[in-house]
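Read the structure below first, then the notes.
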Amino acid sequence: FAGALCGLFCLSTATFSRHPSAAAMMRALLKLCCVAAGLSLSQALTPRSPVRQLSKLSAPAEATFFPFASSEEIAKNAEASTALYARKEGKDSSVGSDAARQLLGMRSAGETEDIWKIRLQLTKPVTWVPLIWGVACGAAASGNYHWWNPLDANSDMMLGLTDAAKAATCMVLSGPFLTGYTQTMNDWYDREIDAINEPYRPIPSGAISEGQVIAQIWVLLLAGLGLAGALDLWAGHSSPDILLLSIGGAFISYIYSAPPLKLKQNGWVGNYALGSSYISLPWWCGQAMFGHLSLPVCVLTLLYSWAGLGIAIVNDFKSVEGDRAMGLQSLPVA
């Protein structure tokens, strides 16, 4: 949430000089987010009446409440948890939310034998969202992105649609291709840790073979680099800016996941490398596509990447057991 606020603020500041209407819209969204944050905080800090809370419960007279549960309640909860886990182990990913979680690459997803669904799961589409947003921010901050407004007679439809296609292609590069490459490679090098933390993942569960995983890594990487070069040609760059950004991002992804460096073994360095890659690189890609990168923009987005550092730290908490067993010094373990 803090990252979203910072992004809206940065975007409104960057676009103010050339696009006052866009800046006004972003400032309005920022105010709305601040109001929502204030309401959420006041609700969280408001003391709740225990009488009102307990009046809604129809518990037996001898029942006890967390954290002072009786041994009978603990045993009952353990049986319920065991039954729930057993149902989850045998669930079919073709039904309801399990299918969606499987396709998005989310935790506790269902199982499937469809190899293309498994390949998609490895790329973790749920992680594409911040990179797509970063490309949009960079495109808007460039000052050269043209919006097509059908209600404005002076708005150039073809120019607006062309810029929309350029931005969408940058999003495909940042999301499905390079983030998919990063996530697949990270799962490959984390297969022993995932066997402890998330044994249902495609690689530790044996749902996909070693050769298929390695082939997917190479296909996504080479396709992403090829698309980056094509974007440079489309933008008319005299130097391959987007291709160089893509190569740099792919290299950071590799040293983050793979030995001997394996940056994720160092909590602070690894998490910041991950956060900055997810926030700064797509922003730079969007801005380079429509304009030029400058030192102030690079510094601003690297500072904004501290929000990504916090997200990466929180994400590490779900892997504490496996990290500790494999000697990985993530921040929650350290």
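Following the order of the structure tokens, chains are lettered A, B, ..., residues in each are numbered from 1, and ligands are numbered from 1.
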Contact table region 99-150 of chain A vs region 285-307 of chain A, cut-off 8 Å, shortest pair per residue, only C-alpha atoms, as a tab-separated table:
```
residue	atom	partner	partner_atom	distance
A:Gly134	CA	A:Gly286	CA	7.5
A:Val135	CA	A:Gly286	CA	4.4
A:Ala136	CA	A:Gly286	CA	6.5
A:Cys137	CA	A:Gly286	CA	7.3
A:Gly138	CA	A:Gln287	CA	4.3
A:Ala139	CA	A:Gly286	CA	4.5
A:Ala140	CA	A:Gln287	CA	7.6
A:Ala141	CA	A:Gln287	CA	6.7
A:Ser142	CA	A:Gln287	CA	5.1
A:Gly143	CA	A:Gly291	CA	7.4
A:Asn144	CA	A:Phe290	CA	5.7
A:Tyr145	CA	A:Phe290	CA	6.3
```
Would you save the residues from that selection as a PDB file, in the first residue's frame, using all heavy atoms?
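That gives us result.pdb:
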```
ATOM      1  N   GLY A 134       4.587  -0.808 -13.494  1.00  0.00           N
ATOM      2  CA  GLY A 134       5.821  -0.047 -13.638  1.00  0.00           C
ATOM      3  C   GLY A 134       6.003   0.464 -15.057  1.00  0.00           C
ATOM      4  O   GLY A 134       6.426   1.611 -15.264  1.00  0.00           O
ATOM      5  N   VAL A 135       5.702  -0.365 -16.053  1.00  0.00           N
ATOM      6  CA  VAL A 135       5.787   0.069 -17.450  1.00  0.00           C
ATOM      7  C   VAL A 135       4.830   1.228 -17.702  1.00  0.00           C
ATOM      8  O   VAL A 135       5.190   2.225 -18.361  1.00  0.00           O
ATOM      9  CB  VAL A 135       5.482  -1.104 -18.403  1.00  0.00           C
ATOM     10  CG1 VAL A 135       5.314  -0.601 -19.834  1.00  0.00           C
ATOM     11  CG2 VAL A 135       6.589  -2.145 -18.344  1.00  0.00           C
ATOM     12  N   ALA A 136       3.616   1.132 -17.176  1.00  0.00           N
ATOM     13  CA  ALA A 136       2.637   2.211 -17.354  1.00  0.00           C
ATOM     14  C   ALA A 136       3.130   3.508 -16.721  1.00  0.00           C
ATOM     15  O   ALA A 136       2.982   4.590 -17.307  1.00  0.00           O
ATOM     16  CB  ALA A 136       1.296   1.789 -16.749  1.00  0.00           C
ATOM     17  N   CYS A 137       3.735   3.414 -15.539  1.00  0.00           N
ATOM     18  CA  CYS A 137       4.264   4.606 -14.877  1.00  0.00           C
ATOM     19  C   CYS A 137       5.388   5.230 -15.694  1.00  0.00           C
ATOM     20  O   CYS A 137       5.444   6.452 -15.871  1.00  0.00           O
ATOM     21  CB  CYS A 137       4.783   4.241 -13.484  1.00  0.00           C
ATOM     22  SG  CYS A 137       3.506   3.830 -12.284  1.00  0.00           S
ATOM     23  N   GLY A 138       6.296   4.390 -16.195  1.00  0.00           N
ATOM     24  CA  GLY A 138       7.398   4.903 -16.990  1.00  0.00           C
ATOM     25  C   GLY A 138       6.926   5.558 -18.274  1.00  0.00           C
ATOM     26  O   GLY A 138       7.437   6.609 -18.672  1.00  0.00           O
ATOM     27  N   ALA A 139       5.940   4.953 -18.939  1.00  0.00           N
ATOM     28  CA  ALA A 139       5.411   5.529 -20.173  1.00  0.00           C
ATOM     29  C   ALA A 139       4.778   6.892 -19.917  1.00  0.00           C
ATOM     30  O   ALA A 139       4.999   7.861 -20.664  1.00  0.00           O
ATOM     31  CB  ALA A 139       4.399   4.574 -20.803  1.00  0.00           C
ATOM     32  N   ALA A 140       3.989   6.989 -18.852  1.00  0.00           N
ATOM     33  CA  ALA A 140       3.339   8.259 -18.525  1.00  0.00           C
ATOM     34  C   ALA A 140       4.361   9.311 -18.097  1.00  0.00           C
ATOM     35  O   ALA A 140       4.254  10.482 -18.461  1.00  0.00           O
ATOM     36  CB  ALA A 140       2.301   8.040 -17.430  1.00  0.00           C
ATOM     37  N   ALA A 141       5.364   8.883 -17.328  1.00  0.00           N
ATOM     38  CA  ALA A 141       6.365   9.830 -16.827  1.00  0.00           C
ATOM     39  C   ALA A 141       7.272  10.349 -17.932  1.00  0.00           C
ATOM     40  O   ALA A 141       7.929  11.380 -17.761  1.00  0.00           O
ATOM     41  CB  ALA A 141       7.208   9.164 -15.736  1.00  0.00           C
ATOM     42  N   SER A 142       7.334   9.665 -19.071  1.00  0.00           N
ATOM     43  CA  SER A 142       8.200  10.116 -20.162  1.00  0.00           C
ATOM     44  C   SER A 142       7.736  11.443 -20.743  1.00  0.00           C
ATOM     45  O   SER A 142       8.521  12.185 -21.331  1.00  0.00           O
ATOM     46  CB  SER A 142       8.224   9.057 -21.272  1.00  0.00           C
ATOM     47  OG  SER A 142       6.976   8.995 -21.946  1.00  0.00           O
ATOM     48  N   GLY A 143       6.454  11.733 -20.601  1.00  0.00           N
ATOM     49  CA  GLY A 143       5.904  12.958 -21.164  1.00  0.00           C
ATOM     50  C   GLY A 143       5.608  12.862 -22.645  1.00  0.00           C
ATOM     51  O   GLY A 143       5.122  13.822 -23.247  1.00  0.00           O
ATOM     52  N   ASN A 144       5.877  11.715 -23.258  1.00  0.00           N
ATOM     53  CA  ASN A 144       5.677  11.555 -24.697  1.00  0.00           C
ATOM     54  C   ASN A 144       4.617  10.516 -25.051  1.00  0.00           C
ATOM     55  O   ASN A 144       4.468  10.172 -26.229  1.00  0.00           O
ATOM     56  CB  ASN A 144       6.996  11.161 -25.370  1.00  0.00           C
ATOM     57  CG  ASN A 144       8.052  12.235 -25.226  1.00  0.00           C
ATOM     58  OD1 ASN A 144       7.762  13.415 -25.387  1.00  0.00           O
ATOM     59  ND2 ASN A 144       9.277  11.836 -24.909  1.00  0.00           N
ATOM     60  N   TYR A 145       3.944   9.999 -24.038  1.00  0.00           N
ATOM     61  CA  TYR A 145       2.887   9.021 -24.315  1.00  0.00           C
ATOM     62  C   TYR A 145       1.621   9.772 -24.713  1.00  0.00           C
ATOM     63  O   TYR A 145       1.199  10.719 -24.041  1.00  0.00           O
ATOM     64  CB  TYR A 145       2.623   8.153 -23.089  1.00  0.00           C
ATOM     65  CG  TYR A 145       1.617   7.056 -23.337  1.00  0.00           C
ATOM     66  CD1 TYR A 145       2.015   5.839 -23.864  1.00  0.00           C
ATOM     67  CD2 TYR A 145       0.266   7.246 -23.067  1.00  0.00           C
ATOM     68  CE1 TYR A 145       1.102   4.831 -24.116  1.00  0.00           C
ATOM     69  CE2 TYR A 145      -0.657   6.245 -23.311  1.00  0.00           C
ATOM     70  CZ  TYR A 145      -0.241   5.040 -23.837  1.00  0.00           C
ATOM     71  OH  TYR A 145      -1.153   4.047 -24.092  1.00  0.00           O
TER      72      TYR A 145
END
```
Calculate how many Å separate CA of Thr123 (chain A) from CA of Thr184 (chain A), rounding to one decimal. 5.6 Å
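In terms of minimum interatomic distance to Ala167 (chain A), A:Trp283 ranks closest within A:Lys264, A:Ser246, A:Trp283, A:Glu210, counting only C-alpha atoms.
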Where does DSSP see helix (DSSP H, G or I) in region 121-287 of chain A, if you list the residues as a PyMOL selection string? chain A and resi 121-123+125-141+157-189+191-197+210-235+241-257+263-265+267-287
Output for the residues just chosen: C-alpha atoms as a tab-separated table (two decimals), in the first residue's frame:
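Listed below is the output, result-v6.tsv:
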```
chain	number	residue	atom	x	y	z
A	121	GLN	CA	2.02	-21.87	-13.22
A	122	LEU	CA	5.83	-21.84	-13.22
A	123	THR	CA	5.84	-18.27	-14.55
A	125	PRO	CA	1.34	-14.66	-13.50
A	126	VAL	CA	0.27	-13.12	-10.19
A	127	THR	CA	3.74	-11.55	-9.98
A	128	TRP	CA	3.41	-9.79	-13.35
A	129	VAL	CA	1.12	-7.08	-11.98
A	130	PRO	CA	3.73	-4.73	-10.42
A	131	LEU	CA	5.88	-4.89	-13.55
A	132	ILE	CA	2.95	-4.04	-15.81
A	133	TRP	CA	2.16	-1.12	-13.52
A	134	GLY	CA	5.82	-0.05	-13.64
A	135	VAL	CA	5.79	0.07	-17.45
A	136	ALA	CA	2.64	2.21	-17.35
A	137	CYS	CA	4.26	4.61	-14.88
A	138	GLY	CA	7.40	4.90	-16.99
A	139	ALA	CA	5.41	5.53	-20.17
A	140	ALA	CA	3.34	8.26	-18.53
A	141	ALA	CA	6.37	9.83	-16.83
A	157	MET	CA	-6.62	8.02	-32.75
A	158	MET	CA	-3.86	6.28	-34.70
A	159	LEU	CA	-1.11	7.85	-32.60
A	160	GLY	CA	-2.92	6.90	-29.41
A	161	LEU	CA	-3.49	3.31	-30.54
A	162	THR	CA	0.13	3.00	-31.69
A	163	ASP	CA	1.44	4.17	-28.31
A	164	ALA	CA	-0.99	1.82	-26.55
A	165	ALA	CA	0.37	-1.08	-28.63
A	166	LYS	CA	3.95	-0.09	-27.76
A	167	ALA	CA	3.12	0.05	-24.05
A	168	ALA	CA	1.30	-3.30	-24.20
A	169	THR	CA	4.31	-4.91	-25.91
A	170	CYS	CA	6.60	-3.54	-23.19
A	171	MET	CA	4.26	-5.09	-20.63
A	172	VAL	CA	4.45	-8.46	-22.38
A	173	LEU	CA	8.24	-8.19	-22.30
A	174	SER	CA	8.36	-7.31	-18.61
A	175	GLY	CA	5.64	-9.70	-17.47
A	176	PRO	CA	5.21	-13.02	-19.31
A	177	PHE	CA	8.68	-13.21	-20.85
A	178	LEU	CA	11.28	-11.83	-18.42
A	179	THR	CA	9.32	-12.26	-15.19
A	180	GLY	CA	8.29	-15.71	-16.39
A	181	TYR	CA	11.97	-16.48	-17.05
A	182	THR	CA	12.91	-15.19	-13.59
A	183	GLN	CA	10.22	-17.16	-11.75
A	184	THR	CA	10.89	-20.40	-13.63
A	185	MET	CA	14.62	-20.17	-13.01
A	186	ASN	CA	14.08	-19.30	-9.35
A	187	ASP	CA	11.83	-22.35	-8.91
A	188	TRP	CA	14.49	-24.51	-10.56
A	189	TYR	CA	17.25	-23.44	-8.21
A	191	ARG	CA	13.54	-27.01	-5.94
A	192	GLU	CA	15.09	-28.51	-2.80
A	193	ILE	CA	13.71	-25.71	-0.61
A	194	ASP	CA	10.28	-25.96	-2.28
A	195	ALA	CA	10.28	-29.71	-1.57
A	196	ILE	CA	10.01	-28.65	2.10
A	197	ASN	CA	7.97	-25.43	1.89
A	210	GLU	CA	14.02	-31.34	-15.77
A	211	GLY	CA	14.44	-30.98	-19.54
A	212	GLN	CA	11.08	-29.21	-19.90
A	213	VAL	CA	11.96	-26.70	-17.17
A	214	ILE	CA	15.37	-25.88	-18.66
A	215	ALA	CA	13.86	-25.53	-22.12
A	216	GLN	CA	11.23	-23.13	-20.75
A	217	ILE	CA	13.92	-20.98	-19.11
A	218	TRP	CA	15.83	-20.64	-22.38
A	219	VAL	CA	12.76	-20.03	-24.53
A	220	LEU	CA	11.46	-17.24	-22.26
A	221	LEU	CA	14.88	-15.60	-21.99
A	222	LEU	CA	15.66	-15.65	-25.72
A	223	ALA	CA	12.13	-14.60	-26.69
A	224	GLY	CA	12.31	-11.73	-24.21
A	225	LEU	CA	15.67	-10.51	-25.51
A	226	GLY	CA	14.43	-10.78	-29.09
A	227	LEU	CA	11.33	-8.77	-28.25
A	228	ALA	CA	13.47	-6.16	-26.47
A	229	GLY	CA	15.58	-5.71	-29.61
A	230	ALA	CA	12.42	-5.35	-31.70
A	231	LEU	CA	11.13	-2.67	-29.33
A	232	ASP	CA	14.35	-0.70	-29.76
A	233	LEU	CA	13.86	-0.80	-33.53
A	234	TRP	CA	10.19	0.21	-33.15
A	235	ALA	CA	11.15	3.16	-30.96
A	241	ASP	CA	18.49	0.79	-24.57
A	242	ILE	CA	15.66	-1.67	-23.92
A	243	LEU	CA	17.80	-4.65	-24.92
A	244	LEU	CA	20.55	-3.55	-22.52
A	245	LEU	CA	17.99	-3.13	-19.71
A	246	SER	CA	16.65	-6.61	-20.46
A	247	ILE	CA	20.12	-8.17	-20.41
A	248	GLY	CA	20.89	-6.41	-17.13
A	249	GLY	CA	17.62	-7.59	-15.59
A	250	ALA	CA	18.18	-11.16	-16.77
A	251	PHE	CA	21.67	-11.11	-15.27
A	252	ILE	CA	20.40	-9.85	-11.91
A	253	SER	CA	17.74	-12.56	-11.95
A	254	TYR	CA	20.38	-15.19	-12.57
A	255	ILE	CA	22.78	-14.13	-9.81
A	256	TYR	CA	19.81	-13.74	-7.45
A	257	SER	CA	18.79	-17.38	-7.85
A	263	LEU	CA	22.08	-13.11	-3.81
A	264	LYS	CA	18.98	-14.39	-2.06
A	265	GLN	CA	21.31	-16.02	0.49
A	267	GLY	CA	18.79	-11.10	3.08
A	268	TRP	CA	19.28	-7.37	2.55
A	269	VAL	CA	21.22	-7.47	-0.71
A	270	GLY	CA	19.06	-10.17	-2.26
A	271	ASN	CA	15.76	-8.58	-1.30
A	272	TYR	CA	16.79	-5.16	-2.57
A	273	ALA	CA	18.03	-6.69	-5.84
A	274	LEU	CA	14.64	-8.35	-6.22
A	275	GLY	CA	12.66	-5.25	-5.27
A	276	SER	CA	14.61	-2.88	-7.51
A	277	SER	CA	14.32	-5.28	-10.46
A	278	TYR	CA	10.57	-5.49	-10.05
A	279	ILE	CA	10.08	-1.73	-9.73
A	280	SER	CA	12.90	0.18	-11.43
A	281	LEU	CA	13.53	-1.96	-14.53
A	282	PRO	CA	9.95	-1.96	-15.91
A	283	TRP	CA	9.69	1.78	-15.19
A	284	TRP	CA	12.93	2.38	-17.11
A	285	CYS	CA	11.67	0.18	-19.95
A	286	GLY	CA	8.44	2.18	-20.29
A	287	GLN	CA	10.24	5.50	-20.10
```
Between CA of Lys262 (chain A) and CA of Ile115 (chain A), what is the spacing in Å? 28.6 Å
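Taking CA of Tyr200 (chain A) as the reference point, CA of Ala100 (chain A) is found at 15.4 Å.
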